[in-house]
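upload.txt (compact mmCIF, C-alpha atoms) appears below.
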# COMPACT_ATOMS: atom_id res chain seq x y z
CA GLY A 1 11.65 -61.64 -34.36
CA ILE A 2 10.87 -57.93 -34.35
CA ASN A 3 11.79 -55.92 -31.28
CA ALA A 4 9.41 -53.52 -29.57
CA GLU A 5 11.44 -50.46 -30.59
CA TYR A 6 11.12 -51.31 -34.29
CA MET A 7 7.39 -51.99 -33.92
CA GLY A 8 6.88 -48.69 -32.13
CA ALA A 9 8.77 -46.78 -34.82
CA GLU A 10 6.77 -48.43 -37.61
CA ARG A 11 3.47 -47.74 -35.88
CA GLY A 12 4.41 -44.11 -35.31
CA GLU A 13 5.51 -43.60 -38.90
CA GLY A 14 2.33 -45.23 -40.18
CA MET A 15 0.14 -42.96 -38.05
CA ARG A 16 2.02 -39.85 -39.14
CA PHE A 17 1.48 -40.92 -42.75
CA ILE A 18 -2.25 -41.29 -42.03
CA VAL A 19 -2.37 -37.76 -40.62
CA ARG A 20 -0.46 -36.22 -43.55
CA ALA A 21 -2.46 -38.01 -46.23
CA GLY A 22 -5.74 -37.49 -44.38
CA ARG A 23 -5.18 -33.76 -44.14
CA ARG A 24 -4.51 -33.66 -47.88
CA MET A 25 -7.95 -35.23 -48.31
CA ARG A 26 -9.41 -32.79 -45.75
CA LEU A 27 -10.75 -35.60 -43.61
CA PRO A 28 -11.99 -34.63 -40.12
CA THR A 29 -9.81 -35.53 -37.16
CA GLU A 30 -12.44 -38.06 -36.07
CA ALA A 31 -11.77 -40.00 -39.28
CA LEU A 32 -8.00 -39.83 -38.72
CA VAL A 33 -8.39 -41.35 -35.26
CA HIS A 34 -10.64 -44.08 -36.69
CA ALA A 35 -7.99 -44.82 -39.32
CA GLY A 36 -5.28 -44.89 -36.66
CA HIS A 37 -7.32 -47.32 -34.57
CA TYR A 38 -7.81 -49.62 -37.56
CA PHE A 39 -4.08 -49.39 -38.33
CA HIS A 40 -3.03 -50.49 -34.83
CA ARG A 41 -5.63 -53.25 -34.73
CA PHE A 42 -4.50 -54.55 -38.13
CA TYR A 43 -0.88 -54.92 -37.04
CA MET A 44 -1.89 -56.81 -33.92
CA LYS A 45 -2.59 -59.71 -36.30
CA HIS A 46 -0.24 -59.02 -39.20
CA SER A 47 3.44 -58.23 -39.69
CA PHE A 48 4.99 -55.10 -41.14
CA PHE A 49 7.00 -57.41 -43.39
CA GLU A 50 3.80 -58.92 -44.76
CA PHE A 51 1.89 -55.68 -45.43
CA GLU A 52 3.61 -52.38 -46.24
CA LYS A 53 2.55 -49.76 -43.70
CA ARG A 54 1.72 -47.01 -46.20
CA LEU A 55 -0.50 -49.30 -48.22
CA THR A 56 -2.23 -50.33 -45.01
CA ALA A 57 -2.60 -46.66 -44.06
CA GLY A 58 -4.36 -45.99 -47.37
CA GLY A 59 -6.81 -48.82 -46.75
CA CYS A 60 -7.45 -47.53 -43.22
CA LEU A 61 -8.16 -44.03 -44.52
CA TYR A 62 -10.54 -45.38 -47.16
CA LEU A 63 -12.46 -47.44 -44.60
CA ALA A 64 -12.49 -44.61 -42.04
CA SER A 65 -13.90 -42.19 -44.61
CA LYS A 66 -16.86 -44.54 -45.02
CA THR A 67 -17.35 -45.13 -41.30
CA CYS A 68 -17.31 -41.40 -40.51
CA GLU A 69 -19.62 -40.59 -43.44
CA CYS A 70 -17.10 -38.40 -45.24
CA ARG A 71 -16.51 -40.91 -47.98
CA LYS A 72 -13.68 -40.50 -50.44
CA ARG A 73 -13.40 -42.47 -53.67
CA ALA A 74 -10.77 -45.19 -53.73
CA LYS A 75 -8.91 -43.48 -56.56
CA ASP A 76 -8.80 -40.21 -54.59
CA VAL A 77 -7.41 -41.99 -51.53
CA MET A 78 -4.82 -43.72 -53.69
CA ALA A 79 -3.85 -40.45 -55.38
CA GLN A 80 -3.35 -38.52 -52.14
CA CYS A 81 -1.41 -41.37 -50.52
CA HIS A 82 0.79 -41.61 -53.61
CA ARG A 83 1.46 -37.87 -53.54
CA THR A 84 2.20 -37.98 -49.82
CA GLU A 85 4.69 -40.83 -50.19
CA HIS A 86 6.36 -39.96 -53.50
CA ASN A 87 5.70 -36.20 -53.76
CA ARG A 88 4.39 -36.62 -57.31
CA ASP A 89 1.12 -37.47 -59.03
CA PRO A 90 0.18 -41.12 -59.65
CA PRO A 91 -0.06 -42.48 -63.22
CA ASN A 92 -2.71 -40.72 -65.26
CA PRO A 93 -5.24 -43.22 -66.67
CA HIS A 94 -5.64 -41.02 -69.76
CA ASP A 95 -1.96 -41.31 -70.74
CA GLY A 96 -2.28 -44.62 -72.52
CA TYR A 97 -2.78 -48.28 -71.79
CA GLU A 98 0.26 -48.78 -69.53
CA ALA A 99 -0.51 -45.71 -67.41
CA SER A 100 -4.17 -46.73 -67.15
CA ARG A 101 -3.22 -50.24 -66.08
CA ALA A 102 -0.76 -48.96 -63.46
CA HIS A 103 -3.42 -46.57 -62.13
CA ASP A 104 -6.02 -49.35 -61.85
CA GLN A 105 -3.54 -51.63 -60.08
CA LEU A 106 -2.88 -48.97 -57.43
CA VAL A 107 -6.63 -48.49 -56.86
CA ASP A 108 -7.13 -52.26 -56.64
CA ARG A 109 -4.47 -52.47 -53.93
CA VAL A 110 -6.50 -50.08 -51.77
CA LEU A 111 -9.71 -52.05 -52.37
CA ASP A 112 -8.02 -55.40 -51.68
CA LEU A 113 -6.48 -54.09 -48.49
CA GLU A 114 -9.90 -52.92 -47.32
CA LEU A 115 -11.18 -56.52 -47.42
CA VAL A 116 -8.22 -57.84 -45.42
CA LEU A 117 -8.61 -54.97 -42.99
CA LEU A 118 -12.29 -55.69 -42.38
CA GLN A 119 -11.50 -59.32 -41.58
CA SER A 120 -8.62 -58.34 -39.30
CA ILE A 121 -10.68 -55.96 -37.16
CA GLY A 122 -13.65 -58.34 -37.07
CA PHE A 123 -15.91 -55.82 -38.84
CA ALA A 124 -15.89 -53.69 -35.68
CA LEU A 125 -16.14 -50.36 -37.50
CA ARG A 126 -17.42 -48.02 -34.80
CA VAL A 127 -14.69 -46.67 -32.55
CA ASP A 128 -15.09 -44.93 -29.21
CA THR A 129 -12.59 -42.06 -29.53
CA PRO A 130 -11.14 -39.64 -26.95
CA TYR A 131 -12.89 -36.78 -28.74
CA ASN A 132 -16.18 -38.03 -27.31
CA TYR A 133 -14.93 -37.09 -23.83
CA LEU A 134 -12.85 -33.95 -24.37
CA ALA A 135 -15.91 -31.69 -24.64
CA LEU A 136 -17.17 -32.99 -21.29
CA ILE A 137 -13.77 -32.46 -19.69
CA PHE A 138 -13.37 -28.85 -20.80
CA ARG A 139 -16.96 -27.99 -19.95
CA PHE A 140 -16.25 -29.29 -16.44
CA LEU A 141 -13.01 -27.28 -16.21
CA GLY A 142 -14.71 -24.07 -17.32
CA GLU A 143 -17.51 -24.41 -14.79
CA LYS A 144 -15.49 -25.78 -11.87
CA TYR A 145 -12.51 -23.41 -12.04
CA ARG A 146 -14.21 -20.47 -13.76
CA ILE A 147 -11.63 -20.43 -16.55
CA ASP A 148 -12.44 -17.94 -19.27
CA GLU A 149 -13.75 -19.24 -22.57
CA LEU A 150 -10.70 -18.15 -24.59
CA ARG A 151 -8.34 -20.13 -22.36
CA ILE A 152 -10.62 -23.17 -22.53
CA ARG A 153 -10.50 -22.92 -26.32
CA HIS A 154 -6.70 -22.89 -26.21
CA TYR A 155 -6.68 -25.96 -23.99
CA ALA A 156 -9.16 -27.75 -26.27
CA ARG A 157 -7.19 -26.90 -29.41
CA TRP A 158 -4.00 -28.43 -28.02
CA ALA A 159 -5.81 -31.47 -26.60
CA TRP A 160 -7.38 -32.10 -30.01
CA ARG A 161 -3.92 -32.17 -31.58
CA PHE A 162 -2.39 -34.29 -28.84
CA VAL A 163 -4.96 -37.04 -29.39
CA LEU A 164 -3.36 -37.66 -32.78
CA CYS A 165 0.04 -37.79 -31.05
CA ALA A 166 -1.34 -40.42 -28.68
CA TYR A 167 -2.26 -42.61 -31.63
CA GLU A 168 1.35 -42.61 -32.78
CA THR A 169 2.24 -44.74 -29.77
CA VAL A 170 1.13 -47.94 -28.07
CA VAL A 171 -0.97 -45.70 -25.81
CA ALA A 172 -3.78 -46.25 -28.33
CA LEU A 173 -3.62 -50.01 -27.69
CA ILE A 174 -3.21 -50.24 -23.92
CA SER A 175 -5.35 -47.31 -22.73
CA THR A 176 -9.05 -46.57 -22.83
CA PRO A 177 -10.37 -43.56 -24.78
CA GLN A 178 -11.33 -41.97 -21.45
CA GLN A 179 -7.77 -42.28 -20.15
CA ILE A 180 -6.33 -40.85 -23.36
CA ALA A 181 -8.77 -37.93 -23.22
CA VAL A 182 -7.83 -37.10 -19.61
CA ALA A 183 -4.10 -37.39 -20.38
CA CYS A 184 -4.38 -35.17 -23.48
CA ALA A 185 -6.36 -32.58 -21.52
CA GLU A 186 -3.71 -32.60 -18.77
CA LEU A 187 -0.91 -32.28 -21.33
CA ALA A 188 -2.79 -29.43 -23.05
CA ILE A 189 -3.05 -27.57 -19.73
CA ARG A 190 0.67 -28.04 -19.06
CA PHE A 191 1.55 -27.02 -22.62
CA GLU A 192 -0.59 -23.87 -22.63
CA ASN A 193 0.53 -22.86 -19.13
CA LEU A 194 4.17 -23.31 -20.12
CA ARG A 195 3.56 -21.16 -23.20
CA CYS A 196 2.02 -18.46 -21.01
CA GLU A 197 4.87 -18.68 -18.52
CA LEU A 198 7.58 -18.38 -21.18
CA GLN A 199 5.82 -15.52 -23.00
CA HIS A 200 4.66 -13.61 -19.93
CA ASP A 201 7.52 -11.11 -20.21
CA ARG A 202 6.32 -10.11 -23.68
CA ASP A 203 2.60 -10.20 -22.92
CA GLU A 204 1.45 -9.67 -19.34
CA THR A 205 -2.08 -10.84 -20.19
CA LEU A 206 -0.73 -14.37 -20.57
CA ARG A 207 -1.04 -15.79 -17.09
CA PRO A 208 -1.06 -19.53 -16.43
CA THR A 209 -3.93 -21.22 -14.62
CA ASN A 210 -3.29 -24.20 -12.39
CA PRO A 211 -6.23 -26.62 -12.01
CA SER A 212 -3.73 -29.26 -10.92
CA ASP A 213 -6.16 -31.62 -9.18
CA TRP A 214 -9.04 -31.45 -11.66
CA HIS A 215 -8.84 -35.09 -12.76
CA THR A 216 -9.49 -36.32 -9.22
CA GLU A 217 -12.88 -34.58 -9.22
CA LEU A 218 -14.05 -35.68 -12.66
CA ARG A 219 -16.72 -38.27 -11.97
CA GLY A 220 -17.00 -41.09 -14.43
CA LEU A 221 -13.68 -40.26 -16.12
CA ASP A 222 -11.42 -40.29 -13.08
CA THR A 223 -8.05 -41.90 -13.80
CA PRO A 224 -5.29 -42.82 -11.33
CA PRO A 225 -2.66 -40.04 -11.22
CA GLN A 226 0.14 -42.51 -11.94
CA ILE A 227 -1.55 -43.56 -15.18
CA ILE A 228 -2.06 -39.93 -16.22
CA ASN A 229 1.58 -39.06 -15.69
CA MET A 230 2.81 -42.07 -17.63
CA LEU A 231 0.46 -41.33 -20.53
CA VAL A 232 1.50 -37.67 -20.56
CA ASN A 233 5.16 -38.71 -20.75
CA GLU A 234 4.49 -41.08 -23.64
CA ILE A 235 2.38 -38.61 -25.63
CA SER A 236 4.68 -35.61 -25.08
CA VAL A 237 7.52 -37.43 -26.86
CA CYS A 238 5.45 -37.38 -30.07
CA ILE A 239 4.63 -33.66 -30.09
CA SER A 240 5.65 -32.37 -33.51
CA MET A 241 8.45 -29.85 -33.97
CA GLU A 242 5.88 -27.44 -35.42
CA ASP A 243 3.95 -27.49 -32.15
CA GLN A 244 7.11 -27.36 -30.06
CA ASP A 245 8.16 -24.19 -31.89
CA VAL A 246 5.15 -22.42 -30.34
CA ILE A 247 6.77 -22.47 -26.91
CA ASN A 248 10.39 -23.20 -27.86
CA PRO A 249 11.31 -21.12 -30.96
CA PRO A 250 14.23 -22.46 -33.04
CA ALA A 251 16.15 -19.19 -32.66
CA HIS A 252 16.25 -19.59 -28.87
CA ARG A 253 15.71 -23.31 -28.49
CA ASP A 254 16.19 -24.62 -24.97
CA PRO A 255 16.55 -28.41 -24.82
CA LYS A 256 15.18 -28.43 -21.27
CA VAL A 257 11.85 -26.78 -22.10
CA MET A 258 10.00 -29.86 -23.37
CA GLY A 259 11.23 -31.82 -20.39
CA ARG A 260 9.21 -29.53 -18.16
CA LEU A 261 6.01 -30.92 -19.70
CA ARG A 262 6.91 -34.38 -18.46
CA ARG A 263 7.53 -33.39 -14.85
CA PRO A 264 4.65 -33.74 -12.39
CA ARG A 265 2.86 -30.51 -11.57
CA GLN A 266 2.28 -29.44 -8.01
CA PRO A 267 1.00 -30.73 -5.71
CA ALA A 268 3.33 -33.68 -6.30
CA LYS A 269 1.12 -36.21 -4.52
CA LEU A 270 -1.45 -35.93 -7.32
CA ILE A 271 0.95 -36.90 -10.10
CA SER A 272 3.49 -39.52 -9.16
CA GLY A 273 5.45 -42.34 -10.72
CA ASN A 274 8.80 -42.57 -12.44
CA GLY A 275 7.44 -41.93 -15.94
CA LYS A 276 8.19 -45.47 -17.19
CA TRP A 277 5.85 -48.29 -18.12
Structure rendered as structure tokens:
Amino acid sequence: GINAEYMGAERGEGMRFIVRAGRRMRLPTEALVHAGHYFHRFYMKHSFFEFEKRLTAGGCLYLASKTCECRKRAKDVMAQCHRTEHNRDPPNPHDGYEASRAHDQLVDRVLDLELVLLQSIGFALRVDTPYNYLALIFRFLGEKYRIDELRIRHYARWAWRFVLCAYETVVALISTPQQIAVACAELAIRFENLRCELQHDRDETLRPTNPSDWHTELRGLDTPPQIINMLVNEISVCISMEDQDVINPPAHRDPKVMGRLRRPRQPAKLISGNGKW
């Protein structure tokens, strides 16, 4: 059998490949989340030994581009996935019979995978994503706590990025989009406030805000504090080094900094739990 650690690593690597290849194709983040959802659903029924994860990722991107009405041609999806994986161009169909045949075979693999993918997800193409709720959350925060628009934009920017991190983990399978949205918003607030705290000595205009109990007042999207803290811990592990460098520069890297994101914020009674599933 396959252990959970191996499955988690494969799912995370597959989602990161989707993000890299999708950004090469300039797909919107909504399409990347759709592709990630299809990817996780596919491997609930199939094995990583049966279908190679990068090939599956290409099929998910192709299908997501159709669903989100930003369609890319199959050969373009194949080409960008090939460049992302091998760091070189795919065979040129104009370079002779063998190159043309190899090119067509790669395109056919994407098209064939799309059919298997559709059957595996039961033709359920529309996906309710966390992005549908983030705008409501930050509008509520701005009005309730009178946070300035620039700070709200910073929170929203980080939350948007952290949603993709959430889809690198099993969080995407066991949590609702509303829960993921609330957790990503909470993590974005912690992340931005920590950035302000660490950079306050260099820029006194950077002052952290502390709407620590906001999720208890959010009607319709309220989530138990224990769930929020566990989701935040899971998602924070997947924050990319590029994003970590914003608050923890390589020249002065402190291994304890990122751990501060995973600790409950005050008051402690609002965020509890031991951080484990």
**Item:** Proximity to A:Ala79 - best of A:Leu125, A:Ala64, A:Met25, A:Ala185, only C-alpha atoms
**Value:**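 The shortest atom-to-atom distance to A:Ala79 comes from A:Met25.
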Around the point (-6.3, -51.0, -51.4) in the file's coordinates, collect all residues with an atom within 10 Å, using all atoms listed in the file, and return them as a PDB file with C-alpha atoms, in the frame of the given file.
ATOM      1  CA  LEU A  55      -0.500 -49.300 -48.220  1.00  0.00           C
ATOM      2  CA  THR A  56      -2.230 -50.330 -45.010  1.00  0.00           C
ATOM      3  CA  ALA A  57      -2.600 -46.660 -44.060  1.00  0.00           C
ATOM      4  CA  GLY A  58      -4.360 -45.990 -47.370  1.00  0.00           C
ATOM      5  CA  GLY A  59      -6.810 -48.820 -46.750  1.00  0.00           C
ATOM      6  CA  CYS A  60      -7.450 -47.530 -43.220  1.00  0.00           C
ATOM      7  CA  LEU A  61      -8.160 -44.030 -44.520  1.00  0.00           C
ATOM      8  CA  TYR A  62     -10.540 -45.380 -47.160  1.00  0.00           C
ATOM      9  CA  LEU A  63     -12.460 -47.440 -44.600  1.00  0.00           C
ATOM     10  CA  ALA A  74     -10.770 -45.190 -53.730  1.00  0.00           C
ATOM     11  CA  LYS A  75      -8.910 -43.480 -56.560  1.00  0.00           C
ATOM     12  CA  VAL A  77      -7.410 -41.990 -51.530  1.00  0.00           C
ATOM     13  CA  MET A  78      -4.820 -43.720 -53.690  1.00  0.00           C
ATOM     14  CA  GLN A 105      -3.540 -51.630 -60.080  1.00  0.00           C
ATOM     15  CA  LEU A 106      -2.880 -48.970 -57.430  1.00  0.00           C
ATOM     16  CA  VAL A 107      -6.630 -48.490 -56.860  1.00  0.00           C
ATOM     17  CA  ASP A 108      -7.130 -52.260 -56.640  1.00  0.00           C
ATOM     18  CA  ARG A 109      -4.470 -52.470 -53.930  1.00  0.00           C
ATOM     19  CA  VAL A 110      -6.500 -50.080 -51.770  1.00  0.00           C
ATOM     20  CA  LEU A 111      -9.710 -52.050 -52.370  1.00  0.00           C
ATOM     21  CA  ASP A 112      -8.020 -55.400 -51.680  1.00  0.00           C
ATOM     22  CA  LEU A 113      -6.480 -54.090 -48.490  1.00  0.00           C
ATOM     23  CA  GLU A 114      -9.900 -52.920 -47.320  1.00  0.00           C
ATOM     24  CA  LEU A 115     -11.180 -56.520 -47.420  1.00  0.00           C
ATOM     25  CA  VAL A 116      -8.220 -57.840 -45.420  1.00  0.00           C
ATOM     26  CA  LEU A 117      -8.610 -54.970 -42.990  1.00  0.00           C
TER      27      LEU A 117
END
- Item | Atom pair atom CA of A:Thr223 / atom CA of A:Pro130: separation (Å) |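 Straight-line distance from atom CA of A:Thr223 to atom CA of A:Pro130 works out to 13.7 Å.
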Inset, instruction - In Å, rounded to a single decimal, give me how far atom CA of A:Ala188 is from atom CA of A:Ala21. - result: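 Taking atom CA of A:Ala21 and atom CA of A:Ala188, their separation equals 24.7 Å.
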Closest of A:Arg151, A:Ala172, A:Gln226, A:Arg260 to A:Leu198 - atom-to-atom distances counting all atoms listed in the file: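 Of the candidates, the smallest distance to A:Leu198 is held by A:Arg260.
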8 Å contact set for stretch 5-14 of chain A, all atoms listed in the file, chain neighbours under 5 positions out, as a PyMOL selection string: chain A and resi 39-40+48+53-54+57+167-170
Practice prompt. Might you pull out every residue within 8 Å of A:Arg262, with only C-alpha atoms counted and same-chain residues fewer than 6 positions away left off, and present them as a VMD selection string?
Written response: chain A and resid 229 232 to 233 236 275
**OP:** Go through A:Leu134, A:Met15, A:Ile239, A:Leu118 and flag the residue nearest A:Trp160, using all atoms listed in the file for the distances.
**Re:**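 Residue with the minimum atom-to-atom distance to A:Trp160: A:Leu134.
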Atom CA of A:Phe123 to atom CA of A:Ile174 measures 20.4 Å
Counting all atoms listed in the file, which residue out of A:Phe49, A:Gln179, A:Thr84, A:Thr67 sits closest to A:Arg24?
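Of A:Phe49, A:Gln179, A:Thr84, A:Thr67, the one nearest A:Arg24 is A:Thr84, counting all atoms listed in the file.
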Next item on the list: Counting all atoms listed in the file, write as a ChimeraX atom specification all protein and nucleic acid residues lying at most 6 Å from (-7.8, -39.2, -37.3) in the file's frame.
Entry: /A:29-35
- Close residues, stretch 140-149 of chain A itself excluded, 8 Å, only C-alpha atoms, min 2 positions apart in chain, as JSON, numbers by chain: {"A": [136, 137, 138, 151, 152, 153, 209, 211, 214, 218]}
message = Given all atoms listed in the file as the basis, pick out the residue of A:Cys238, A:Ile18, A:Ala183, A:Asn132 nearest to A:Tyr38.
response =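 Nearest to A:Tyr38: A:Ile18.
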